[in-house]
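Worksheet: the structure to be examined is printed underneath.
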Amino acid sequence: MTDRRKGSTRARPSGKRPSMADVAAKAGVSSQTVSRVANDRANVDAATRAKVLAAMEALGYRPNAAARALVTGRFGALGVVGFGLDAHGTARTLAAIADAARTAGYSVNFMGVRAQTEAAVRQAFRHLTVQSVDGIVLVESQTLDTPSLRLPPDVPVVVADGDTEHPYARVDVDQAGGARSVVGHLLELGHRTVHHVGGPRDSFAARRRAQAWERTLAAAGAPVPAVLYGDWTARSGYVAGRALARMPEVTAVFAANDQMALGVLRALHEAGRAVPDEVSVAGFDDIPEAPFLQPPLTTVHQDFDLVGRQCVTLLLEQIERGGNGPDRLAVEPVLVVRSSTAPPPA
């Protein structure tokens with residue numbers, strides 16, 4: 001930095017953050033141009049923008065988020081609230097949200113919620129709004145204890161795969177359609193009925209899959225067996241599978257996710273019930289390991305990456321226009337038939 005009073009050059013004091021003026025001097029442009037680049041304004045030509053960005057990088061300059069928010073009205077950050085963080089689908093959706101947000105130039109502040117209550121979610125929202133986010137995605141893999149979620153109205157919200165009573169923009173996977181397709185597949189193979197290993201009772205996705213399983217059987221005039229409930233884990237599927245293996249009438253099993261289906265496969269194998277020769281098994285999610293199980297697992301593929309991207313797309317649209325809205329995007333699951341399902345034994 002040049003000290004004009006002495007006509008000499010002296011270093012910027014150690015520990016002092018570089019300023020916009022420092023960047024302007026290094027790039028040979030005005031401070032207003034640096035401000036336009038820092039706030040991602042369009043009225044800067046490519047060569048000048050590159051020169052300013054290079055000066056920022058060389059000096060280690062980072063725009064002040066609060067100052068930028070005063071200019072743009074944006075904080076450049078999105079909030080995410082999620083349940084069931086160890087679930088495959090939730091983890092994939094969160095990763096896709098982070099990638100899509102980063103591509104759009106936003107950072108992500110994440111808040112995990114254990115308690116499945118509206119009060120816990122509202123507390124997470126308060127925490128995120130204090131951190132100054134422009135909008136929030138609620139990845140609701142669990143059902144809240146209220147029939148209709150009510151959140152602060154001053155922040156844009158998108159709910160991923162949540163209760164249809166929510167008055168917020170949402171991205172839905174057709175859970176019921178996926179369950180109908182797999183149960184219909186097993187009935188078309190000739191099975192008299194299909195037994196179900198359900199997910200947690202407090203999971204909205206699990207409830208939709210179980211309801212569609214029951215209705216599909218009833219519509220076909222097939223018996224509706226009692227549901228054996230698990231908790232999404234392979235261990236709970238194994239426990240249910242051991243019970244099913246003791247029932248000679250069982251020829252087809254639909255597990256509400258692939259992890260539980262994996263446990264069912266293990267239990268049937270230990271009991272000497274061959275899959276698919278004696279019992280067909282199908283899951284839901286299409287985890288990366290599904291094609292490599294023995295036998296490869298018939299399942300319902302959910303595009304979690306698309307769900308995450310669509311959540312960010314809807315949220316950014318709301319941020320642009322201001323406020324919440326009833327927008328809805330649907331993601332259709334696809335039945336993937338592999339060799340774990342076959343006609344019942346003669």
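Labeling convention for the structure tokens: chains A, B, ... as they appear, residues from 1 per chain, ligands from 1 in order of appearance.
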Worksheet item: Taking the backbone alone, and naming residues the way the document does, which bits of segment 88-292 of chain A are helix (DSSP H, G or I) by DSSP, as a PyMOL selection string?
Response: chain A and resi 88-103+118-130+175-188+204-219+234-245+258-270+290-292
Worksheet item: Using only C-alpha atoms, which residues sit within 9 Å of Val171 of chain A once same-chain residues fewer than 5 positions away are excluded, as a PyMOL selection string?
Response: chain A and resi 158-162+307-308+310-311+314+327-331
Within 6 Å of segment 277-279 of chain A, counting only C-alpha atoms, which residues show up once you throw out same-chain ones fewer than 4 positions away? Write them as a short mmCIF file (atom, residue, chain, number, x, y, z; two decimals) with N, CA and C atoms, in the first residue's frame, please.
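After the write, around.cif holds the following:
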data_model
loop_
_atom_site.label_atom_id
_atom_site.label_comp_id
_atom_site.auth_asym_id
_atom_site.auth_seq_id
_atom_site.Cartn_x
_atom_site.Cartn_y
_atom_site.Cartn_z
N THR A 251 -45.34 -66.44 0.54
CA THR A 251 -44.62 -66.62 -0.72
C THR A 251 -44.11 -65.31 -1.30
N ALA A 252 -44.54 -64.16 -0.72
CA ALA A 252 -44.10 -62.87 -1.24
C ALA A 252 -44.04 -61.86 -0.10
N PRO A 345 -44.10 -70.96 -5.83
CA PRO A 345 -43.89 -72.39 -6.12
C PRO A 345 -45.19 -73.06 -6.52
#
Worksheet item: Leaving out segment 336-340 of chain A and any residue of its chain fewer than 4 positions from it, which residues lie within 8 Å of it when counting only C-alpha atoms, given as an NGL selection string?
Response: :A and (275-276 or 280-282 or 286 or 291 or 295-301)
Practice prompt. Please run DSSP on the backbone and report, as a list of chain:residue names, all residues within segment 179-327 of chain A that come out as strand (DSSP E).
Written response: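 DSSP-assigned strand (DSSP E) residues in segment 179-327 of chain A: A:His195, A:His196, A:Val197, A:Gly198, A:Leu228, A:Tyr229, A:Ala252, A:Val253, A:Phe254, A:Ala255, A:Ser280, A:Val281, A:Ala282, A:Thr299, A:Val300, A:His301.
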Discussion item. Just want the 9 Å neighbourhood of Val34 of chain A, counted on only C-alpha atoms, with same-chain residues fewer than 5 positions away dropped. Output as a ChimeraX atom specification.
Written reply: /A:20-21,23-24,27,29,39,49,52-53
Item to complete: Name all residues at most 10 Å from Arg150 of chain A (count only C-alpha atoms; drop same-chain ones fewer than 6 positions away) and give them as a list in words.
Response: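 Neighbouring residues, sequence-local ones excluded: Glu118, Ala119, Val121, Arg122, His166, Pro167 and Tyr168 of chain A.
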Worksheet item: Rounded to one decimal in Å, what is the spacing between atom CA of Asp303 of chain A and atom CA of Phe110 of chain A?
Response: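 Going from atom CA of Asp303 of chain A over to atom CA of Phe110 of chain A, I get 21.3 Å.
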Practice prompt. Select, from A:Ala58, A:Ala212, A:Ala101, A:Ala255, the residue with the minimum atom-to-atom distance to Leu228 of chain A, counting only C-alpha atoms.
Written response: A:Ala255
Worksheet item: Mind pulling up the distance from atom CA of Gly79 of chain A to atom CA of Ser107 of chain A?
Response: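 Interatomic distance, atom CA of Ser107 of chain A to atom CA of Gly79 of chain A: 8.6 Å.
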Item to complete: List the neighbours of Arg235 of chain A out to 9 Å using only C-alpha atoms; skip same-chain residues closer than 6 positions along the sequence, and give me the result as JSON, numbers by chain.
Response: {"A": [259, 260, 262, 263, 264]}
Item to complete: Grab the atom CA of Ser236 of chain A to atom CA of Ala91 of chain A distance for me, in Å with one decimal place.
Response: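 Those two atoms sit 19.9 Å apart.
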Item to complete: Point out the residue among A:Glu140, A:Ala226, A:Asp305, A:Leu335 with the least atom-to-atom distance to Phe204 of chain A, counting only C-alpha atoms.
Response: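 Checking each of A:Glu140, A:Ala226, A:Asp305, A:Leu335 against Phe204 of chain A, counting only C-alpha atoms, the winner is A:Glu140.
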Discussion item. Could you check the closest approach to Gln318 of chain A for each of A:Val197, A:Val81, A:Ala115, A:Val157 and tell me which residue wins, using only C-alpha atoms?
Written reply: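 Among the listed residues, the smallest separation from Gln318 of chain A belongs to A:Val157.
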